[in-house]
Structure formats: structure tokens, C-alpha cells
Amino acid sequence: MPQRVRVPLRIVVGFYSDAAVSVYTKVAALERRETGCEAGVAYLSALLGISRSTVERALTQLMRPAPDDDIAEVTSYRRTLPGGTGTTAVRRVRAVSRAEHGAWVPTRAAEALNPRQLRAYAALAYATAIGHHITLADLGQVLRHRSGRAAGQPLDPRSVRRILRALEDLGWISVDRRAGYRGRHLYTVHDEPVQAPLTADLDEGSGADRGEGSLASKEHHLTDSPDDPPAAALDIRRRREQVVARGPVENPTEPPPVRRGYAGPELTLAPRIWRVLEPVHELLPGLSPYVVRELARAVGRQLDDGQEPERVRQRLGHRYAAMLMSAEPIRDPGRWLLGAAVVRRGCGLTGCESGRIWRTGAPCEVCAHLRGAAGQRPPGQPSGPRRPAYPRPPGRWHECESCGAPSRQPLADGLCQPCRPPADLLRSLR
């Protein structure tokens, strides 16, 4: 029979952190000695596989009185040798009465499971002991978010299901799906990791029977003896990663299996996004899913802000046609689409498109005011003394009548590509 300790239910479901459950379980197991728990923070950190700072925070939380009833779960006593040299403090847990509700947890589980898995295991142990058919929502109330913006909120069922699947894979629980009250799952909690039924289906992750070998498990000889010098006490490696073999095994000689790639559904675009991206459809096949997703999000944000789909579509078509007419090819389509093609130029007005109101085609007064304040000329106005100082390379250059930008090629209507409205270019292409 493995060694077990009784963890009070107020620690499992209370305000204590997940690490506090693991630290309490190990301290309660070592406290059964006559001298009490003499393990230091570094040694507890190595046993539980968590950092020293996490162990210190958990001990501080357990030694402070609870906010609801002013009861401290762990008491620490400092010791001093006759010569005046200090030594490791002795820690003892509060005596739990038989009338107080609690969950029996094996001490080995505190070392083999991470703090959140151990908390879920303790909650299942208590639920099965009292005959309660616990649900994912009930476990989510116990496994709450302990930090961040969602602190105090229940864990979602998907995350709870992932934790239970890990416990089942490690052999600490067994699940009879849809076998309980109103189709709920029935859970069986084991004091030691058990072997799952052996199958010959190689696609399901278990191999065929190779012999009558025994289960393979890692053991740590310093589990219950803090007096022995911990050889790897400072090596904070997660020993909860030990895997209990799911059948008779032998020393592996084959190379490790190759991880399968993503086999889920492919990336799809909403119909409204696909219609807007019609002018640049030929550029999409060469893009990564991340770039396509970011491009779809950028288009979706503009449509949600009130921009017309035809307006964004013509903008993409105008700028793509301009790039095809220019001498420079598009070297990085994804970077060009996200950084230049889909970006709206103009002022802060939603109806402004490159200095003109989209619905009427009239010049935008806000853009004209901003250009005047910056010393630029509004479109159609003759050149004056106030214009940007663009560098003029040697040779024949053409100048935009709106912004004064130089160009090697003649400008249609005297405007450069950014200053020319999309409708004008599409009309000229026709």
C-alpha cells in the first residue's frame, strides 16, 4: 500500500495556489517523522520539480492565516545548534480532525504530477470517495485561473478535459465515458499508475506484445530521506515527465517516431474577405497561412470600421495594377500586401481615400488643411514656394503636382500613383 496523506478540502478548493497543494502534500508526508519535516526549500524544489521561488511562495501562503478563518496550515520552527549555527527549520502541518473533509493523495503523485494535475487528482479522489459524479464544470470551478486577467475565473471545459486526458495517459485515473448519472463520465482514482489495456493497433500509439517484460518506471531514491545528500537537488528537472509504459517493453532500438504534422482543416477565408481579395488572388497561393490570416484580419478590420468592400477591392486592384506597370517586380508578396497594398492612405476620416472622399470624389478638406500646415500644395494648385525639398538626381525627372514627388516616368494627369484616386486609374485602364 503506497504512502498517502490527507489533504484538507479547503486547500484543494480554496484560494491556495496549485503549487501550495503539492508543497503541502510533500511536507505532510515528511512531517510524519518524529523530528518533523526537515527538508529545505532547495530539496523540496528538486523533489516537486518546481522552482525555489515557487516553493517559497507556497510555504509563505500555507504559513499565513487564511483570510476566512485565520487558520494556518503549516507551522515553521527555527532551530539553532548549541554553537549558535542555524540549521534547517522544522515544518509541521496542522492536525486535521476526522470530521473535516479531505482527500487522500499518494505522496508519489506530488512528485509525478505537476501542481495543476495534482489538484485535479485530489478533487477526483474526494468526489469518488463520497460518490459524487463530478462534471467538467465542477472541476473547472476547482481549477480556477490563479493569475493574469482571468484570475478567479473557472477553467474552461477544454482545458479541464486536457488535464484529465494527461492523468489518464499517465495511468493515475481511469475513465468510463458516458457510464454514469445522466451520461456523465465515471472516474476511478488509482493510488499508483496502472497499466492500460494493451492493444496491437500501432496507429493508436501502443505497439504489439514483445514479451513478458515488466513495467518501466523511474524511481528516485531520495524521495523520503531528506537526510541523504541530494545529488541533483539543484537540478530542477521536471520528473513528472516520467512516462509509465502502457505495456510490456524492452530497451528501444528503433529511432523515435516522427511527429505527425497538422492534420486539421485547412485555412479558409470568409466569403466577404475572398471577394475583396479578388484582384490579388494570384498572389495568395505562395503565401504562408500566417500571412494570409493577417491579411484577412486587416481586411476584416477595415470592413468592420465602415469601409465599403468595393472600395478596399478597388484599392488592391489599383495598387496591384500600378506595380505591374512599374519596372520593379514584387519581391515579397506577403510583405507588400500587408505593408502597402491593403493600407488605407489619407486622414483620420473613414470616408477619406488617398486625399479624396470616396463616395463623392471631392477633395478631402482635412487632408488639404494638413497638407497646407505641412507646406504641401493641394491637388491642382500651381507650384509655389512652399513644397517639400525632395532630392533631385541628375537626369530627366517628372514632378507630381500634388506632393512634388519626383518620378522617372511621365505622370498621368500630373499626379503620382499614391495621389491618384483608384477610380481614375481604373478608368484610364479601360
# chains A, B, ... in the order shown; residues from 1 in each chain; ligands from 1
call {"tool": "residues_around", "arguments": {"residues": "Val93 of chain A", "least_positions_apart": "3", "cutoff": "7 Å", "atoms": "only C-alpha atoms", "output": "PyMOL selection string"}}
result
chain A and resi 28+73-75
call {"tool": "closest_atom_pairs", "arguments": {"of": "segment 109-151 of chain A", "to": "segment 3-8 of chain A", "cutoff": "12 Å", "atoms": "only C-alpha atoms", "output": "JSON lines"}}
result
{"residue": "A:Ala109", "atom": "CA", "partner": "A:Arg4", "partner_atom": "CA", "distance": 9.3}
{"residue": "A:Ala110", "atom": "CA", "partner": "A:Arg4", "partner_atom": "CA", "distance": 10.4}
{"residue": "A:Leu118", "atom": "CA", "partner": "A:Val7", "partner_atom": "CA", "distance": 11.2}
{"residue": "A:Arg119", "atom": "CA", "partner": "A:Val7", "partner_atom": "CA", "distance": 10.2}
{"residue": "A:Tyr121", "atom": "CA", "partner": "A:Val7", "partner_atom": "CA", "distance": 11.5}
{"residue": "A:Ala122", "atom": "CA", "partner": "A:Val7", "partner_atom": "CA", "distance": 8.0}
{"residue": "A:Ala123", "atom": "CA", "partner": "A:Val7", "partner_atom": "CA", "distance": 10.2}
{"residue": "A:Ala125", "atom": "CA", "partner": "A:Val7", "partner_atom": "CA", "distance": 10.6}
{"residue": "A:Tyr126", "atom": "CA", "partner": "A:Val7", "partner_atom": "CA", "distance": 9.8}
call {"tool": "residues_around", "arguments": {"residues": "Val366 of chain A", "least_positions_apart": "2", "cutoff": "10 Å", "atoms": "only C-alpha atoms", "output": "VMD selection string"}}
result
chain A and resid 346 to 349 352 355 to 356 363 to 364 368 to 372
call {"tool": "residues_around", "arguments": {"residues": "Trp172 of chain A", "least_positions_apart": "2", "cutoff": "10 Å", "atoms": "only C-alpha atoms", "output": "list in words"}}
result
Ala109, Ala112, Leu113, Tyr121, Leu164, Ala166, Leu167, Glu168, Asp169, Leu170, Ser174, Thr188, Val189, His190, Asp191, Glu192, Pro193, Val194, Gln195 and Val244 of chain A
call {"tool": "write_last_selection", "arguments": {"atoms": "all heavy atoms", "output": "compact mmCIF listing (two decimals), in the first residue's frame"}}
result
# COMPACT_ATOMS: atom_id res chain seq x y z
N ALA A 109 2.33 10.90 -6.02
CA ALA A 109 1.65 11.72 -7.02
C ALA A 109 2.14 13.15 -6.98
O ALA A 109 2.14 13.85 -8.01
CB ALA A 109 0.14 11.68 -6.79
N ALA A 112 5.17 13.02 -9.25
CA ALA A 112 4.98 12.61 -10.62
C ALA A 112 4.09 13.54 -11.42
O ALA A 112 4.15 13.55 -12.65
CB ALA A 112 4.38 11.19 -10.66
N LEU A 113 3.26 14.34 -10.75
CA LEU A 113 2.31 15.21 -11.44
C LEU A 113 2.68 16.67 -11.20
O LEU A 113 3.27 17.02 -10.16
CB LEU A 113 0.89 14.96 -10.93
CG LEU A 113 0.36 13.52 -11.04
CD1 LEU A 113 -1.01 13.40 -10.42
CD2 LEU A 113 0.32 13.07 -12.50
N TYR A 121 -6.34 15.70 -9.53
CA TYR A 121 -6.35 14.34 -8.98
C TYR A 121 -6.98 14.33 -7.58
O TYR A 121 -7.79 13.45 -7.25
CB TYR A 121 -4.92 13.81 -8.92
CG TYR A 121 -4.79 12.45 -8.28
CD1 TYR A 121 -4.94 11.28 -9.02
CD2 TYR A 121 -4.52 12.33 -6.92
CE1 TYR A 121 -4.82 10.04 -8.43
CE2 TYR A 121 -4.39 11.09 -6.32
CZ TYR A 121 -4.56 9.95 -7.07
OH TYR A 121 -4.45 8.71 -6.48
N LEU A 164 -7.42 16.05 -17.65
CA LEU A 164 -7.88 14.68 -17.35
C LEU A 164 -7.29 13.68 -18.33
O LEU A 164 -6.99 12.54 -17.94
CB LEU A 164 -9.41 14.65 -17.41
CG LEU A 164 -10.16 15.48 -16.36
CD1 LEU A 164 -11.65 15.35 -16.54
CD2 LEU A 164 -9.75 15.07 -14.95
N ALA A 166 -4.37 13.87 -19.67
CA ALA A 166 -2.99 13.64 -19.25
C ALA A 166 -2.93 12.70 -18.04
O ALA A 166 -2.07 11.82 -17.97
CB ALA A 166 -2.31 14.97 -18.92
N LEU A 167 -3.85 12.88 -17.09
CA LEU A 167 -3.89 11.97 -15.95
C LEU A 167 -4.21 10.54 -16.38
O LEU A 167 -3.66 9.58 -15.83
CB LEU A 167 -4.93 12.46 -14.94
CG LEU A 167 -4.60 13.74 -14.17
CD1 LEU A 167 -5.79 14.15 -13.31
CD2 LEU A 167 -3.37 13.56 -13.30
N GLU A 168 -5.09 10.40 -17.36
CA GLU A 168 -5.43 9.07 -17.83
C GLU A 168 -4.27 8.45 -18.59
O GLU A 168 -4.00 7.24 -18.45
CB GLU A 168 -6.67 9.15 -18.73
CG GLU A 168 -7.17 7.79 -19.20
CD GLU A 168 -8.38 7.92 -20.10
OE1 GLU A 168 -8.70 9.07 -20.51
OE2 GLU A 168 -9.00 6.88 -20.42
N ASP A 169 -3.56 9.23 -19.37
CA ASP A 169 -2.41 8.69 -20.11
C ASP A 169 -1.30 8.25 -19.17
O ASP A 169 -0.59 7.28 -19.45
CB ASP A 169 -1.88 9.74 -21.09
CG ASP A 169 -2.87 10.04 -22.20
OD1 ASP A 169 -3.75 9.19 -22.44
OD2 ASP A 169 -2.78 11.11 -22.82
N LEU A 170 -1.12 8.97 -18.06
CA LEU A 170 -0.10 8.60 -17.09
C LEU A 170 -0.53 7.45 -16.19
O LEU A 170 0.28 6.93 -15.42
CB LEU A 170 0.26 9.80 -16.22
CG LEU A 170 0.97 10.95 -16.95
CD1 LEU A 170 1.16 12.12 -16.01
CD2 LEU A 170 2.32 10.49 -17.49
N SER A 174 -8.73 6.25 -14.34
CA SER A 174 -9.39 5.53 -15.44
C SER A 174 -10.75 6.18 -15.65
O SER A 174 -11.43 6.58 -14.69
CB SER A 174 -9.56 4.05 -15.10
OG SER A 174 -8.29 3.44 -14.91
N THR A 188 -12.20 6.58 -11.96
CA THR A 188 -11.59 5.71 -10.96
C THR A 188 -10.20 6.22 -10.67
O THR A 188 -9.38 6.35 -11.58
CB THR A 188 -11.52 4.25 -11.46
OG1 THR A 188 -12.84 3.81 -11.82
CG2 THR A 188 -10.97 3.35 -10.39
N VAL A 189 -9.93 6.52 -9.42
CA VAL A 189 -8.65 7.09 -9.00
C VAL A 189 -7.78 5.97 -8.46
O VAL A 189 -8.22 5.16 -7.63
CB VAL A 189 -8.87 8.18 -7.93
CG1 VAL A 189 -7.54 8.76 -7.49
CG2 VAL A 189 -9.77 9.28 -8.48
N HIS A 190 -6.53 5.90 -8.93
CA HIS A 190 -5.59 4.85 -8.53
C HIS A 190 -4.52 5.45 -7.63
O HIS A 190 -4.07 6.58 -7.83
CB HIS A 190 -4.93 4.23 -9.76
CG HIS A 190 -5.93 3.75 -10.79
ND1 HIS A 190 -6.77 2.68 -10.58
CD2 HIS A 190 -6.21 4.22 -12.04
CE1 HIS A 190 -7.53 2.50 -11.65
NE2 HIS A 190 -7.22 3.43 -12.56
N ASP A 191 -4.10 4.64 -6.64
CA ASP A 191 -3.03 5.07 -5.74
C ASP A 191 -1.67 4.99 -6.41
O ASP A 191 -0.72 5.64 -5.96
CB ASP A 191 -3.02 4.21 -4.47
CG ASP A 191 -4.27 4.46 -3.63
OD1 ASP A 191 -4.86 5.54 -3.78
OD2 ASP A 191 -4.65 3.57 -2.86
N GLU A 192 -1.56 4.20 -7.44
CA GLU A 192 -0.33 4.08 -8.22
C GLU A 192 -0.69 4.05 -9.69
O GLU A 192 -1.82 3.66 -10.06
CB GLU A 192 0.43 2.79 -7.85
CG GLU A 192 1.03 2.80 -6.45
CD GLU A 192 1.83 1.55 -6.17
OE1 GLU A 192 1.66 0.58 -6.95
OE2 GLU A 192 2.60 1.53 -5.20
N PRO A 193 0.21 4.46 -10.56
CA PRO A 193 -0.08 4.40 -12.00
C PRO A 193 -0.32 2.96 -12.43
O PRO A 193 0.41 2.04 -12.07
CB PRO A 193 1.19 4.97 -12.66
CG PRO A 193 1.84 5.77 -11.59
CD PRO A 193 1.52 5.10 -10.29
N VAL A 194 -1.38 2.75 -13.16
CA VAL A 194 -1.76 1.41 -13.61
C VAL A 194 -1.50 1.30 -15.09
O VAL A 194 -1.35 2.28 -15.82
CB VAL A 194 -3.24 1.12 -13.30
CG1 VAL A 194 -3.48 1.16 -11.81
CG2 VAL A 194 -4.14 2.13 -14.00
N GLN A 195 -1.46 0.07 -15.53
CA GLN A 195 -1.21 -0.24 -16.92
C GLN A 195 -2.51 -0.23 -17.70
O GLN A 195 -3.50 -0.83 -17.28
CB GLN A 195 -0.53 -1.60 -17.04
CG GLN A 195 -0.37 -2.10 -18.47
CD GLN A 195 0.21 -3.49 -18.50
OE1 GLN A 195 0.63 -4.01 -17.48
NE2 GLN A 195 0.24 -4.09 -19.67
N VAL A 244 4.83 6.26 -17.68
CA VAL A 244 4.59 4.88 -17.30
C VAL A 244 4.27 4.09 -18.57
O VAL A 244 3.40 4.48 -19.35
CB VAL A 244 3.42 4.79 -16.30
CG1 VAL A 244 3.15 3.35 -15.93
CG2 VAL A 244 3.76 5.60 -15.06
call {"tool": "residues_around", "arguments": {"residues": "Gln153 of chain A", "least_positions_apart": "3", "cutoff": "6 Å", "atoms": "only C-alpha atoms", "output": "ChimeraX atom specification"}}
result
/A:144-145,150
call {"tool": "write_last_selection", "arguments": {"atoms": "all heavy atoms", "output": "PDB file, in the first residue's frame"}}
result
ATOM      1  N   ARG A 144      -9.308  26.875 -10.924  1.00  0.00           N
ATOM      2  CA  ARG A 144      -9.513  28.247 -11.383  1.00  0.00           C
ATOM      3  C   ARG A 144      -8.200  28.851 -11.875  1.00  0.00           C
ATOM      4  O   ARG A 144      -7.118  28.372 -11.551  1.00  0.00           O
ATOM      5  CB  ARG A 144     -10.077  29.108 -10.249  1.00  0.00           C
ATOM      6  CG  ARG A 144     -11.488  28.725  -9.836  1.00  0.00           C
ATOM      7  CD  ARG A 144     -11.948  29.565  -8.672  1.00  0.00           C
ATOM      8  NE  ARG A 144     -13.336  29.297  -8.332  1.00  0.00           N
ATOM      9  CZ  ARG A 144     -14.368  29.930  -8.858  1.00  0.00           C
ATOM     10  NH1 ARG A 144     -14.155  30.897  -9.738  1.00  0.00           N
ATOM     11  NH2 ARG A 144     -15.602  29.632  -8.516  1.00  0.00           N
ATOM     12  N   HIS A 145      -8.334  29.914 -12.644  1.00  0.00           N
ATOM     13  CA  HIS A 145      -7.166  30.690 -13.016  1.00  0.00           C
ATOM     14  C   HIS A 145      -6.637  31.395 -11.773  1.00  0.00           C
ATOM     15  O   HIS A 145      -7.378  32.062 -11.056  1.00  0.00           O
ATOM     16  CB  HIS A 145      -7.515  31.712 -14.096  1.00  0.00           C
ATOM     17  CG  HIS A 145      -7.919  31.093 -15.401  1.00  0.00           C
ATOM     18  ND1 HIS A 145      -6.997  30.643 -16.330  1.00  0.00           N
ATOM     19  CD2 HIS A 145      -9.147  30.840 -15.935  1.00  0.00           C
ATOM     20  CE1 HIS A 145      -7.635  30.160 -17.378  1.00  0.00           C
ATOM     21  NE2 HIS A 145      -8.939  30.256 -17.163  1.00  0.00           N
ATOM     22  N   ALA A 150      -7.615  36.714 -16.059  1.00  0.00           N
ATOM     23  CA  ALA A 150      -8.722  35.805 -15.750  1.00  0.00           C
ATOM     24  C   ALA A 150      -8.605  35.201 -14.357  1.00  0.00           C
ATOM     25  O   ALA A 150      -9.189  34.146 -14.098  1.00  0.00           O
ATOM     26  CB  ALA A 150      -8.797  34.696 -16.795  1.00  0.00           C
TER      27      ALA A 150
END
call {"tool": "residues_around", "arguments": {"residues": "Glu310 of chain A", "least_positions_apart": "3", "cutoff": "8 Å", "atoms": "only C-alpha atoms", "output": "list of chain:residue names"}}
result
A:Val276, A:Arg313, A:Gln314
call {"tool": "write_last_selection", "arguments": {"atoms": "all heavy atoms", "output": "short mmCIF file (atom, residue, chain, number, x, y, z; two decimals), in the first residue's frame"}}
result
data_model
loop_
_atom_site.label_atom_id
_atom_site.label_comp_id
_atom_site.auth_asym_id
_atom_site.auth_seq_id
_atom_site.Cartn_x
_atom_site.Cartn_y
_atom_site.Cartn_z
N VAL A 276 -13.19 40.58 -51.60
CA VAL A 276 -12.35 41.78 -51.58
C VAL A 276 -10.95 41.49 -52.12
O VAL A 276 -10.36 42.31 -52.81
CB VAL A 276 -12.28 42.32 -50.13
CG1 VAL A 276 -11.23 43.42 -50.01
CG2 VAL A 276 -13.64 42.85 -49.70
N ARG A 313 -11.55 46.67 -52.38
CA ARG A 313 -11.22 45.84 -53.54
C ARG A 313 -10.57 46.66 -54.64
O ARG A 313 -9.58 46.25 -55.25
CB ARG A 313 -12.50 45.18 -54.04
CG ARG A 313 -12.33 44.27 -55.25
CD ARG A 313 -13.64 43.60 -55.59
NE ARG A 313 -13.53 42.78 -56.77
CZ ARG A 313 -13.67 43.22 -58.00
NH1 ARG A 313 -13.94 44.51 -58.22
NH2 ARG A 313 -13.54 42.41 -59.03
N GLN A 314 -11.11 47.86 -54.93
CA GLN A 314 -10.52 48.70 -55.96
C GLN A 314 -9.15 49.22 -55.53
O GLN A 314 -8.26 49.41 -56.38
CB GLN A 314 -11.45 49.88 -56.26
CG GLN A 314 -12.71 49.48 -57.03
CD GLN A 314 -13.46 50.69 -57.54
OE1 GLN A 314 -12.93 51.79 -57.56
NE2 GLN A 314 -14.70 50.48 -57.95
#
call {"tool": "atom_distance", "arguments": {"atom1": "atom CA of Arg293 of chain A", "atom2": "atom CA of Asp305 of chain A"}}
result
18.3 Å
call {"tool": "residues_around", "arguments": {"residues": "Val312 of chain A", "least_positions_apart": "4", "cutoff": "8 Å", "atoms": "only C-alpha atoms", "output": "count of residues only"}}
result
6
call {"tool": "atom_distance", "arguments": {"atom1": "atom CA of Asn114 of chain A", "atom2": "atom CA of Ser22 of chain A"}}
result
8.0 Å
call {"tool": "atom_distance", "arguments": {"atom1": "atom CA of Ala137 of chain A", "atom2": "atom CA of Asp69 of chain A"}}
result
27.0 Å
call {"tool": "closest_residue", "arguments": {"among": "A:Leu136, A:Leu48, A:Arg184, A:Val142", "to": "Arg108 of chain A", "atoms": "only C-alpha atoms"}}
result
A:Leu48
call {"tool": "closest_residue", "arguments": {"among": "A:Arg272, A:Pro289, A:Ser326, A:Leu284", "to": "Gln302 of chain A", "atoms": "only C-alpha atoms"}}
result
A:Arg272
call {"tool": "decode", "arguments": {"residues": "segment 333-348 of chain A", "atoms": "N, CA, C and O atoms", "output": "PDB file, in the first residue's frame"}}
result
ATOM      1  N   PRO A 333       5.634  39.150 -51.891  1.00  0.00           N
ATOM      2  CA  PRO A 333       4.201  39.468 -51.981  1.00  0.00           C
ATOM      3  C   PRO A 333       3.540  39.670 -50.620  1.00  0.00           C
ATOM      4  O   PRO A 333       2.700  40.557 -50.458  1.00  0.00           O
ATOM      5  N   GLY A 334       3.897  38.851 -49.637  1.00  0.00           N
ATOM      6  CA  GLY A 334       3.267  38.994 -48.336  1.00  0.00           C
ATOM      7  C   GLY A 334       3.587  40.317 -47.682  1.00  0.00           C
ATOM      8  O   GLY A 334       2.713  40.990 -47.120  1.00  0.00           O
ATOM      9  N   ARG A 335       4.844  40.718 -47.746  1.00  0.00           N
ATOM     10  CA  ARG A 335       5.225  41.998 -47.148  1.00  0.00           C
ATOM     11  C   ARG A 335       4.588  43.158 -47.892  1.00  0.00           C
ATOM     12  O   ARG A 335       4.186  44.152 -47.282  1.00  0.00           O
ATOM     13  N   TRP A 336       4.485  43.051 -49.209  1.00  0.00           N
ATOM     14  CA  TRP A 336       3.875  44.131 -49.982  1.00  0.00           C
ATOM     15  C   TRP A 336       2.381  44.235 -49.694  1.00  0.00           C
ATOM     16  O   TRP A 336       1.833  45.330 -49.560  1.00  0.00           O
ATOM     17  N   LEU A 337       1.687  43.102 -49.582  1.00  0.00           N
ATOM     18  CA  LEU A 337       0.253  43.130 -49.324  1.00  0.00           C
ATOM     19  C   LEU A 337      -0.061  43.724 -47.953  1.00  0.00           C
ATOM     20  O   LEU A 337      -0.985  44.536 -47.809  1.00  0.00           O
ATOM     21  N   LEU A 338       0.706  43.330 -46.934  1.00  0.00           N
ATOM     22  CA  LEU A 338       0.424  43.810 -45.581  1.00  0.00           C
ATOM     23  C   LEU A 338       0.927  45.229 -45.344  1.00  0.00           C
ATOM     24  O   LEU A 338       0.299  45.988 -44.611  1.00  0.00           O
ATOM     25  N   GLY A 339       2.054  45.594 -45.960  1.00  0.00           N
ATOM     26  CA  GLY A 339       2.652  46.880 -45.673  1.00  0.00           C
ATOM     27  C   GLY A 339       2.300  47.990 -46.623  1.00  0.00           C
ATOM     28  O   GLY A 339       2.493  49.173 -46.297  1.00  0.00           O
ATOM     29  N   ALA A 340       1.763  47.664 -47.815  1.00  0.00           N
ATOM     30  CA  ALA A 340       1.497  48.710 -48.800  1.00  0.00           C
ATOM     31  C   ALA A 340       0.128  48.573 -49.443  1.00  0.00           C
ATOM     32  O   ALA A 340      -0.622  49.550 -49.535  1.00  0.00           O
ATOM     33  N   ALA A 341      -0.221  47.387 -49.908  1.00  0.00           N
ATOM     34  CA  ALA A 341      -1.421  47.240 -50.727  1.00  0.00           C
ATOM     35  C   ALA A 341      -2.697  47.470 -49.933  1.00  0.00           C
ATOM     36  O   ALA A 341      -3.605  48.174 -50.379  1.00  0.00           O
ATOM     37  N   VAL A 342      -2.815  46.886 -48.749  1.00  0.00           N
ATOM     38  CA  VAL A 342      -4.072  46.942 -48.012  1.00  0.00           C
ATOM     39  C   VAL A 342      -4.163  48.170 -47.111  1.00  0.00           C
ATOM     40  O   VAL A 342      -5.232  48.461 -46.558  1.00  0.00           O
ATOM     41  N   VAL A 343      -3.079  48.903 -46.954  1.00  0.00           N
ATOM     42  CA  VAL A 343      -3.073  50.053 -46.045  1.00  0.00           C
ATOM     43  C   VAL A 343      -3.842  51.210 -46.676  1.00  0.00           C
ATOM     44  O   VAL A 343      -3.615  51.569 -47.838  1.00  0.00           O
ATOM     45  N   ARG A 344      -4.759  51.814 -45.916  1.00  0.00           N
ATOM     46  CA  ARG A 344      -5.514  52.970 -46.407  1.00  0.00           C
ATOM     47  C   ARG A 344      -4.705  54.232 -46.190  1.00  0.00           C
ATOM     48  O   ARG A 344      -4.230  54.511 -45.091  1.00  0.00           O
ATOM     49  N   ARG A 345      -4.579  55.048 -47.241  1.00  0.00           N
ATOM     50  CA  ARG A 345      -3.880  56.323 -47.150  1.00  0.00           C
ATOM     51  C   ARG A 345      -4.900  57.446 -47.042  1.00  0.00           C
ATOM     52  O   ARG A 345      -5.948  57.396 -47.678  1.00  0.00           O
ATOM     53  N   GLY A 346      -4.572  58.440 -46.276  1.00  0.00           N
ATOM     54  CA  GLY A 346      -5.475  59.559 -46.088  1.00  0.00           C
ATOM     55  C   GLY A 346      -5.469  60.018 -44.647  1.00  0.00           C
ATOM     56  O   GLY A 346      -4.582  59.661 -43.856  1.00  0.00           O
ATOM     57  N   CYS A 347      -6.456  60.823 -44.275  1.00  0.00           N
ATOM     58  CA  CYS A 347      -6.549  61.343 -42.917  1.00  0.00           C
ATOM     59  C   CYS A 347      -7.334  60.376 -42.032  1.00  0.00           C
ATOM     60  O   CYS A 347      -7.604  59.236 -42.416  1.00  0.00           O
ATOM     61  N   GLY A 348      -7.746  60.867 -40.870  1.00  0.00           N
ATOM     62  CA  GLY A 348      -8.471  60.014 -39.942  1.00  0.00           C
ATOM     63  C   GLY A 348      -9.926  59.789 -40.282  1.00  0.00           C
ATOM     64  O   GLY A 348     -10.582  58.951 -39.658  1.00  0.00           O
TER      65      GLY A 348
END
